[in-house]
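Colleague: Contents of model.cif (mmCIF, C-alpha atoms, pLDDT in the B column; chains and numbers go by the auth columns) are given next:
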```
data_run
#
loop_
_atom_site.group_PDB
_atom_site.id
_atom_site.type_symbol
_atom_site.label_atom_id
_atom_site.label_comp_id
_atom_site.label_asym_id
_atom_site.label_seq_id
_atom_site.Cartn_x
_atom_site.Cartn_y
_atom_site.Cartn_z
_atom_site.B_iso_or_equiv
_atom_site.auth_seq_id
_atom_site.auth_asym_id
ATOM 1 C CA MET A 1 16.076 0.337 18.265 50.00 890 Z
ATOM 2 C CA HIS A 2 13.794 -0.278 15.299 58.00 891 Z
ATOM 3 C CA HIS A 3 12.111 2.555 13.449 74.00 892 Z
ATOM 4 C CA PRO A 4 8.287 2.412 13.904 77.00 893 Z
ATOM 5 C CA GLU A 5 7.725 2.015 10.146 82.00 894 Z
ATOM 6 C CA GLU A 6 10.196 -0.884 9.980 87.00 895 Z
ATOM 7 C CA THR A 7 8.391 -2.566 12.871 88.00 896 Z
ATOM 8 C CA LYS A 8 5.053 -2.015 11.176 89.00 897 Z
ATOM 9 C CA GLN A 9 6.280 -3.542 7.900 89.00 898 Z
ATOM 10 C CA ARG A 10 7.740 -6.530 9.765 90.00 899 Z
ATOM 11 C CA ILE A 11 4.380 -7.114 11.436 92.00 900 Z
ATOM 12 C CA LEU A 12 2.511 -6.860 8.126 91.00 901 Z
ATOM 13 C CA LYS A 13 4.938 -9.296 6.532 90.00 902 Z
ATOM 14 C CA ALA A 14 4.276 -11.726 9.394 92.00 903 Z
ATOM 15 C CA VAL A 15 0.508 -11.421 8.932 90.00 904 Z
ATOM 16 C CA ARG A 16 0.878 -12.114 5.217 89.00 905 Z
ATOM 17 C CA ALA A 17 3.077 -15.163 5.855 90.00 906 Z
ATOM 18 C CA LEU A 18 0.639 -16.588 8.401 89.00 907 Z
ATOM 19 C CA TRP A 19 -2.308 -15.957 6.088 87.00 908 Z
ATOM 20 C CA GLU A 20 -0.574 -17.838 3.259 84.00 909 Z
ATOM 21 C CA GLU A 21 0.286 -20.670 5.646 85.00 910 Z
ATOM 22 C CA GLY A 22 -3.083 -21.240 7.274 82.00 911 Z
ATOM 23 C CA GLY A 23 -5.645 -18.551 6.547 81.00 912 Z
ATOM 24 C CA PHE A 24 -7.679 -16.895 9.318 82.00 913 Z
ATOM 25 C CA PRO A 25 -7.028 -19.552 11.994 84.00 914 Z
ATOM 26 C CA ALA A 26 -3.267 -19.000 11.672 87.00 915 Z
ATOM 27 C CA ILE A 27 -3.542 -15.271 12.327 88.00 916 Z
ATOM 28 C CA THR A 28 -3.577 -14.886 16.096 89.00 917 Z
ATOM 29 C CA THR A 29 -1.992 -11.937 17.828 90.00 918 Z
ATOM 30 C CA ARG A 30 0.382 -14.311 19.596 91.00 919 Z
ATOM 31 C CA ALA A 31 1.464 -15.979 16.342 92.00 920 Z
ATOM 32 C CA VAL A 32 1.946 -12.615 14.639 91.00 921 Z
ATOM 33 C CA ALA A 33 3.980 -11.305 17.578 92.00 922 Z
ATOM 34 C CA VAL A 34 6.230 -14.384 17.612 92.00 923 Z
ATOM 35 C CA THR A 35 6.715 -14.340 13.823 93.00 924 Z
ATOM 36 C CA ALA A 36 7.434 -10.611 13.740 91.00 925 Z
ATOM 37 C CA LYS A 37 9.588 -10.800 16.906 91.00 926 Z
ATOM 38 C CA VAL A 38 7.627 -8.123 18.751 91.00 927 Z
ATOM 39 C CA ASN A 39 5.385 -8.198 21.798 90.00 928 Z
ATOM 40 C CA GLU A 40 1.608 -8.175 21.553 88.00 929 Z
ATOM 41 C CA VAL A 41 1.395 -4.695 23.061 90.00 930 Z
ATOM 42 C CA THR A 42 3.276 -3.415 20.008 89.00 931 Z
ATOM 43 C CA LEU A 43 0.713 -5.050 17.709 88.00 932 Z
ATOM 44 C CA PHE A 44 -2.181 -3.343 19.436 89.00 933 Z
ATOM 45 C CA ARG A 45 -0.360 -0.017 19.524 88.00 934 Z
ATOM 46 C CA HIS A 46 0.074 -0.107 15.735 87.00 935 Z
ATOM 47 C CA PHE A 47 -3.134 -1.810 14.602 89.00 936 Z
ATOM 48 C CA GLY A 48 -5.620 -1.901 17.481 88.00 937 Z
ATOM 49 C CA SER A 49 -6.984 -5.420 16.945 86.00 938 Z
ATOM 50 C CA LYS A 50 -6.684 -8.637 14.935 84.00 939 Z
ATOM 51 C CA GLU A 51 -9.183 -7.173 12.459 85.00 940 Z
ATOM 52 C CA GLY A 52 -6.999 -4.080 12.193 87.00 941 Z
ATOM 53 C CA LEU A 53 -3.992 -6.289 11.454 88.00 942 Z
ATOM 54 C CA ILE A 54 -5.811 -8.087 8.656 86.00 943 Z
ATOM 55 C CA ARG A 55 -7.177 -4.869 7.140 85.00 944 Z
ATOM 56 C CA ALA A 56 -3.726 -3.280 7.213 88.00 945 Z
ATOM 57 C CA MET A 57 -2.172 -6.338 5.551 88.00 946 Z
ATOM 58 C CA ILE A 58 -4.786 -6.200 2.772 85.00 947 Z
ATOM 59 C CA ASP A 59 -4.233 -2.483 2.209 84.00 948 Z
ATOM 60 C CA ASP A 60 -0.461 -2.919 2.225 84.00 949 Z
ATOM 61 C CA VAL A 61 -0.420 -5.770 -0.327 84.00 950 Z
ATOM 62 C CA ILE A 62 -2.946 -4.245 -2.718 79.00 951 Z
ATOM 63 C CA GLY A 63 -1.533 -0.771 -2.239 76.00 952 Z
ATOM 64 C CA ARG A 64 1.775 -1.913 -3.713 76.00 953 Z
ATOM 65 C CA LEU A 65 0.128 -2.396 -7.090 74.00 954 Z
ATOM 66 C CA ASP A 66 0.443 0.557 -9.416 67.00 955 Z
ATOM 67 C CA SER A 67 -2.221 0.726 -12.092 62.00 956 Z
ATOM 68 C CA ARG A 68 0.194 2.631 -14.330 64.00 957 Z
ATOM 69 C CA ASN A 69 2.197 -0.591 -14.660 63.00 958 Z
ATOM 70 C CA LEU A 70 -0.875 -2.431 -15.905 62.00 959 Z
ATOM 71 C CA VAL A 71 -1.599 -0.175 -18.855 64.00 960 Z
ATOM 72 C CA ALA A 72 -0.270 -1.443 -22.174 60.00 961 Z
ATOM 73 C CA ALA A 73 2.098 1.063 -23.720 58.00 962 Z
ATOM 74 C CA ASP A 74 2.207 -0.039 -27.349 63.00 963 Z
ATOM 75 C CA GLU A 75 -0.497 -1.053 -29.769 69.00 964 Z
ATOM 76 C CA ALA A 76 -0.054 -4.549 -31.180 77.00 965 Z
ATOM 77 C CA PRO A 77 -0.564 -5.435 -34.864 83.00 966 Z
ATOM 78 C CA THR A 78 -3.810 -7.341 -34.259 88.00 967 Z
ATOM 79 C CA LEU A 79 -6.731 -6.539 -32.002 90.00 968 Z
ATOM 80 C CA ALA A 80 -6.439 -9.907 -30.209 93.00 969 Z
ATOM 81 C CA ALA A 81 -2.721 -9.387 -29.523 91.00 970 Z
ATOM 82 C CA ASP A 82 -3.397 -5.833 -28.408 90.00 971 Z
ATOM 83 C CA LEU A 83 -6.027 -6.902 -25.864 93.00 972 Z
ATOM 84 C CA GLU A 84 -3.918 -9.866 -24.783 93.00 973 Z
ATOM 85 C CA HIS A 85 -1.162 -7.493 -23.713 90.00 974 Z
ATOM 86 C CA TRP A 86 -3.641 -5.568 -21.546 90.00 975 Z
ATOM 87 C CA ALA A 87 -4.915 -8.819 -20.058 92.00 976 Z
ATOM 88 C CA ARG A 88 -1.483 -10.342 -19.478 90.00 977 Z
ATOM 89 C CA THR A 89 -0.071 -7.306 -17.663 87.00 978 Z
ATOM 90 C CA TYR A 90 -3.055 -7.401 -15.302 88.00 979 Z
ATOM 91 C CA VAL A 91 -2.908 -11.147 -14.664 90.00 980 Z
ATOM 92 C CA GLU A 92 0.853 -11.239 -14.098 88.00 981 Z
ATOM 93 C CA GLN A 93 0.655 -8.639 -11.336 85.00 982 Z
ATOM 94 C CA THR A 94 -2.594 -9.646 -9.658 87.00 983 Z
ATOM 95 C CA LEU A 95 -2.352 -13.447 -9.715 88.00 984 Z
ATOM 96 C CA PRO A 96 0.352 -13.600 -6.984 88.00 985 Z
ATOM 97 C CA ILE A 97 -1.957 -11.692 -4.630 87.00 986 Z
ATOM 98 C CA ALA A 98 -5.257 -13.244 -5.725 86.00 987 Z
ATOM 99 C CA ASP A 99 -5.904 -14.617 -2.227 86.00 988 Z
ATOM 100 C CA VAL A 100 -5.600 -11.145 -0.703 85.00 989 Z
ATOM 101 C CA MET A 101 -7.808 -9.655 -3.413 83.00 990 Z
ATOM 102 C CA LEU A 102 -10.494 -12.203 -2.570 81.00 991 Z
ATOM 103 C CA LEU A 103 -10.054 -11.604 1.159 81.00 992 Z
ATOM 104 C CA ASN A 104 -10.481 -7.886 0.506 80.00 993 Z
ATOM 105 C CA LEU A 105 -13.764 -8.565 -1.240 78.00 994 Z
ATOM 106 C CA VAL A 106 -14.974 -10.763 1.647 76.00 995 Z
ATOM 107 C CA GLU A 107 -13.973 -8.172 4.241 74.00 996 Z
ATOM 108 C CA ALA A 108 -15.821 -5.481 2.294 71.00 997 Z
ATOM 109 C CA THR A 109 -19.084 -7.397 2.688 74.00 998 Z
ATOM 110 C CA ARG A 110 -18.577 -7.363 6.454 72.00 999 Z
ATOM 111 C CA ASP A 111 -17.506 -3.738 6.575 70.00 1000 Z
ATOM 112 C CA PRO A 112 -19.333 -1.577 4.029 62.00 1001 Z
ATOM 113 C CA GLU A 113 -16.984 1.306 4.816 67.00 1002 Z
ATOM 114 C CA SER A 114 -14.006 -0.531 3.318 62.00 1003 Z
ATOM 115 C CA SER A 115 -13.694 -0.397 -0.449 57.00 1004 Z
ATOM 116 C CA PRO A 116 -13.903 -3.735 -2.258 52.00 1005 Z
ATOM 117 C CA TRP A 117 -11.121 -2.550 -4.545 59.00 1006 Z
ATOM 118 C CA PRO A 118 -8.878 0.515 -4.521 59.00 1007 Z
ATOM 119 C CA GLN A 119 -10.451 3.399 -6.365 59.00 1008 Z
ATOM 120 C CA GLU A 120 -7.687 3.630 -8.930 59.00 1009 Z
ATOM 121 C CA PHE A 121 -8.300 0.031 -9.983 66.00 1010 Z
ATOM 122 C CA ALA A 122 -12.061 0.516 -10.050 67.00 1011 Z
ATOM 123 C CA THR A 123 -11.696 3.519 -12.340 77.00 1012 Z
ATOM 124 C CA ARG A 124 -8.231 4.154 -13.745 81.00 1013 Z
ATOM 125 C CA LEU A 125 -7.662 0.826 -15.494 83.00 1014 Z
ATOM 126 C CA PRO A 126 -11.080 0.630 -17.197 89.00 1015 Z
ATOM 127 C CA GLN A 127 -10.822 4.300 -18.118 90.00 1016 Z
ATOM 128 C CA ALA A 128 -7.377 3.805 -19.666 89.00 1017 Z
ATOM 129 C CA LEU A 129 -8.618 0.836 -21.689 91.00 1018 Z
ATOM 130 C CA ALA A 130 -11.764 2.736 -22.692 93.00 1019 Z
ATOM 131 C CA ARG A 131 -9.647 5.609 -24.074 92.00 1020 Z
ATOM 132 C CA HIS A 132 -7.578 3.074 -25.985 91.00 1021 Z
ATOM 133 C CA LEU A 133 -10.699 1.430 -27.408 93.00 1022 Z
ATOM 134 C CA GLU A 134 -12.064 4.827 -28.416 93.00 1023 Z
ATOM 135 C CA SER A 135 -8.841 5.471 -30.310 91.00 1024 Z
ATOM 136 C CA LEU A 136 -9.202 2.132 -32.110 90.00 1025 Z
ATOM 137 C CA GLN A 137 -12.843 2.888 -32.810 92.00 1026 Z
ATOM 138 C CA ALA A 138 -12.026 6.254 -34.361 92.00 1027 Z
ATOM 139 C CA ARG A 139 -9.720 4.467 -36.804 89.00 1028 Z
ATOM 140 C CA GLY A 140 -12.253 1.788 -37.672 89.00 1029 Z
ATOM 141 C CA ARG A 141 -10.367 -1.025 -35.934 89.00 1030 Z
ATOM 142 C CA ILE A 142 -13.323 -1.946 -33.732 92.00 1031 Z
ATOM 143 C CA SER A 143 -17.070 -1.687 -34.125 93.00 1032 Z
ATOM 144 C CA ALA A 144 -19.278 0.999 -32.602 93.00 1033 Z
ATOM 145 C CA VAL A 145 -19.601 -0.096 -28.968 94.00 1034 Z
ATOM 146 C CA PRO A 146 -19.876 1.696 -25.604 96.00 1035 Z
ATOM 147 C CA CYS A 147 -16.149 1.620 -24.805 95.00 1036 Z
ATOM 148 C CA GLU A 148 -16.521 2.428 -21.099 94.00 1037 Z
ATOM 149 C CA GLU A 149 -18.842 -0.536 -20.560 95.00 1038 Z
ATOM 150 C CA VAL A 150 -16.692 -2.908 -22.605 96.00 1039 Z
ATOM 151 C CA ALA A 151 -13.618 -1.918 -20.598 95.00 1040 Z
ATOM 152 C CA ARG A 152 -15.443 -2.582 -17.317 93.00 1041 Z
ATOM 153 C CA TYR A 153 -16.604 -5.995 -18.555 95.00 1042 Z
ATOM 154 C CA PHE A 154 -13.054 -6.828 -19.673 95.00 1043 Z
ATOM 155 C CA TYR A 155 -11.563 -6.195 -16.229 92.00 1044 Z
ATOM 156 C CA ALA A 156 -14.523 -7.768 -14.432 91.00 1045 Z
ATOM 157 C CA ALA A 157 -13.921 -10.988 -16.374 94.00 1046 Z
ATOM 158 C CA LEU A 158 -10.198 -10.937 -15.562 92.00 1047 Z
ATOM 159 C CA PHE A 159 -10.851 -10.206 -11.888 89.00 1048 Z
ATOM 160 C CA ALA A 160 -13.347 -13.064 -11.555 90.00 1049 Z
ATOM 161 C CA HIS A 161 -10.915 -15.560 -13.074 91.00 1050 Z
ATOM 162 C CA VAL A 162 -7.918 -14.347 -11.067 90.00 1051 Z
ATOM 163 C CA VAL A 163 -9.620 -14.524 -7.663 88.00 1052 Z
ATOM 164 C CA SER A 164 -10.932 -18.025 -8.386 88.00 1053 Z
ATOM 165 C CA ALA A 165 -7.590 -19.321 -9.700 86.00 1054 Z
ATOM 166 C CA ARG A 166 -6.582 -21.256 -6.573 77.00 1055 Z
ATOM 167 C CA ALA A 167 -9.817 -23.230 -6.633 81.00 1056 Z
ATOM 168 C CA ARG A 168 -9.070 -24.416 -10.151 80.00 1057 Z
ATOM 169 C CA PRO A 169 -6.185 -26.944 -10.224 80.00 1058 Z
ATOM 170 C CA ASN A 170 -5.708 -26.661 -13.997 85.00 1059 Z
ATOM 171 C CA PHE A 171 -5.708 -22.873 -14.072 87.00 1060 Z
ATOM 172 C CA ASP A 172 -3.529 -21.544 -16.895 91.00 1061 Z
ATOM 173 C CA ALA A 173 -2.721 -17.834 -16.680 89.00 1062 Z
ATOM 174 C CA ASP A 174 -1.432 -17.642 -20.255 90.00 1063 Z
ATOM 175 C CA ALA A 175 -4.538 -19.340 -21.605 93.00 1064 Z
ATOM 176 C CA LEU A 176 -6.727 -16.969 -19.574 93.00 1065 Z
ATOM 177 C CA SER A 177 -5.118 -13.886 -21.115 93.00 1066 Z
ATOM 178 C CA THR A 178 -5.295 -15.358 -24.611 95.00 1067 Z
ATOM 179 C CA ASN A 179 -8.885 -16.567 -24.306 95.00 1068 Z
ATOM 180 C CA ILE A 180 -10.339 -13.398 -22.810 96.00 1069 Z
ATOM 181 C CA ALA A 181 -8.472 -11.248 -25.321 95.00 1070 Z
ATOM 182 C CA GLY A 182 -9.638 -13.448 -28.188 95.00 1071 Z
ATOM 183 C CA THR A 183 -13.248 -13.395 -27.022 96.00 1072 Z
ATOM 184 C CA PHE A 184 -13.341 -9.617 -26.704 96.00 1073 Z
ATOM 185 C CA ALA A 185 -11.488 -9.163 -30.002 95.00 1074 Z
ATOM 186 C CA ALA A 186 -14.088 -11.293 -31.780 95.00 1075 Z
ATOM 187 C CA LEU A 187 -16.927 -9.306 -30.216 94.00 1076 Z
ATOM 188 C CA LEU A 188 -15.315 -5.962 -31.031 95.00 1077 Z
ATOM 189 C CA ALA A 189 -14.259 -6.746 -34.598 92.00 1078 Z
ATOM 190 C CA PRO A 190 -15.797 -4.332 -37.098 88.00 1079 Z
ATOM 191 C CA PRO A 191 -18.450 -5.817 -39.381 81.00 1080 Z
ATOM 192 C CA ALA A 192 -17.208 -7.261 -42.646 75.00 1081 Z
ATOM 193 C CA PRO A 193 -17.696 -4.949 -45.636 70.00 1082 Z
ATOM 194 C CA VAL A 194 -20.716 -5.753 -47.750 63.00 1083 Z
ATOM 195 C CA GLY A 195 -20.928 -5.864 -51.526 59.00 1084 Z
ATOM 196 C CA GLY A 196 -23.004 -3.530 -53.681 52.00 1085 Z
ATOM 197 C CA ASP A 197 -25.962 -5.918 -53.535 54.00 1086 Z
ATOM 198 C CA GLY A 198 -26.023 -5.715 -49.736 51.00 1087 Z
ATOM 199 C CA ARG A 199 -24.519 -9.156 -49.263 53.00 1088 Z
ATOM 200 C CA SER A 200 -21.133 -9.928 -47.759 48.00 1089 Z
ATOM 201 C CA PRO A 201 -18.614 -10.786 -50.454 48.00 1090 Z
ATOM 202 C CA SER A 202 -17.995 -14.529 -50.726 44.00 1091 Z
#
```
As structure tokens, what does this structure read like?

Modeller:
Amino acid sequence: MHHPEETKQRILKAVRALWEEGGFPAITTRAVAVTAKVNEVTLFRHFGSKEGLIRAMIDDVIGRLDSRNLVAADEAPTLAADLEHWARTYVEQTLPIADVMLLNLVEATRDPESSPWPQEFATRLPQALARHLESLQARGRISAVPCEEVARYFYAALFAHVVSARARPNFDADALSTNIAGTFAALLAPPAPVGGDGRSPS
């Protein structure tokens, strides 16, 4: 006899597989039951409806991400390399589930009660980057900018590119990390020192 949690995980795995195979049309309670090797009564007992199945699959996939794994541990020698590490750790972990992230966003527009993104990703990642930027700012490595806003823009740009990746046949994850990091590094670079006459040295 299977443990209820094992059965639940098998069902969620089946929903994910069917979603990857054919999107919404592929997710019928019958197809999920056959794939998971359970009866439809079991599906309804655990999840209540097809919508409940889809919501649970979304929460399960996204819930496996840990924002602590997306925070860069070490400061790189250059600002661009430093930001690229933050970008790359995010892209590497979110790109494989980009379709579910986008589905989550779509579902949130239909159900205002469901969060478009887990709270820890809406706050913890930008906050961690903002603290890092503040540290760089205190040491003169970046210009005087509102670090909280910059951090939100940084992750918003990454998120937008990741969720649209499948619609772009030439999408390059490495180039994305490098380009976004380079763009933000250029914008954040401290102003060049000026000479005594008020002009930048030649």

Colleague: My list of candidates is Z:Ser938, Z:Thr931, Z:Thr1072, Z:Gln1026. Which is closest to Z:Tyr1042 when distances are computed with only C-alpha atoms?

Modeller: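 With only C-alpha atoms as the atom set, the closest residue is Z:Thr1072.
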
Colleague: Just the number, please: distance in Å from atom CA of Z:Gln898 to atom CA of Z:Leu1014, one decimal.

Modeller: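 Computing it gives 27.6 Å between the two atoms.
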
Colleague: Given the choices Z:Arg919, Z:Ile986, Z:Arg944, Z:Leu972, which gets closest to Z:Ala1019 if the distance is worked out from all atoms listed in the file?

Modeller: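 Going through Z:Arg919, Z:Ile986, Z:Arg944, Z:Leu972 one by one, the smallest distance to Z:Ala1019 is for Z:Leu972.
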
Colleague: Rounded to one decimal in Å, what is the spacing between atom CA of Z:Met946 and atom CA of Z:Tyr1044?

Modeller: 23.7 Å

Colleague: So which residues touch Z:Glu940 within 12 Å, counting all atoms listed in the file, skipping near sequence neighbours fewer than 6 positions away, as an MDAnalysis selection string?

Modeller: chainID Z and resid 904 913 916:918 932:933 946:947 996 999:1000

Colleague: When you count all atoms listed in the file, which of these residues is closest to Z:Arg1055: Z:Leu907, Z:Val980, Z:Val950, Z:Ala987?

Modeller: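 Closest candidate: Z:Ala987.
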
Colleague: Nearest to Z:Gln1016 among Z:Asp988, Z:Val1039, Z:Gly952, Z:Pro966, with distances taken over only C-alpha atoms: which residue is it?

Modeller: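 Among the listed residues, Z:Val1039 lies closest to Z:Gln1016.
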
Colleague: Got a sec to check which residues sit within 12 Å of (-16.3, -3.0, -20.6), counting only C-alpha atoms, and write them as a VMD selection string?

Modeller: chain Z and resid 1011 to 1012 1014 to 1023 1034 to 1047 1073 1076 to 1077

Colleague: At what distance in Å, to one decimal, does atom CA of Z:Ala1070 lie from atom CA of Z:Ile951?

Modeller: 24.3 Å

Colleague: Z:Phe1048, Z:Arg1030, Z:Lys926, Z:Ile943: which is nearest Z:Leu968, counting all atoms listed in the file?

Modeller: Z:Arg1030

Colleague: Please evaluate the PyMOL selection byres ((chain Z and resi 927) around 12) against the structure above and give the resulting residues as a list in words.

Modeller: Met890, His891, Pro893, Glu895, Thr896, Lys897, Gln898, Arg899, Ile900, Leu901, Ala903, Thr918, Arg919, Ala920, Val921, Ala922, Val923, Thr924, Ala925, Lys926, Asn928, Glu929, Val930, Thr931, Leu932, Phe933, Arg934 and His935 of chain Z

Colleague: Given the choices Z:Lys902, Z:Glu973, Z:Glu981, Z:Ser1032, which gets closest to Z:Ile1069 if the distance is worked out from only C-alpha atoms?

Modeller: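 Nearest candidate to Z:Ile1069 out of Z:Lys902, Z:Glu973, Z:Glu981, Z:Ser1032: Z:Glu973.
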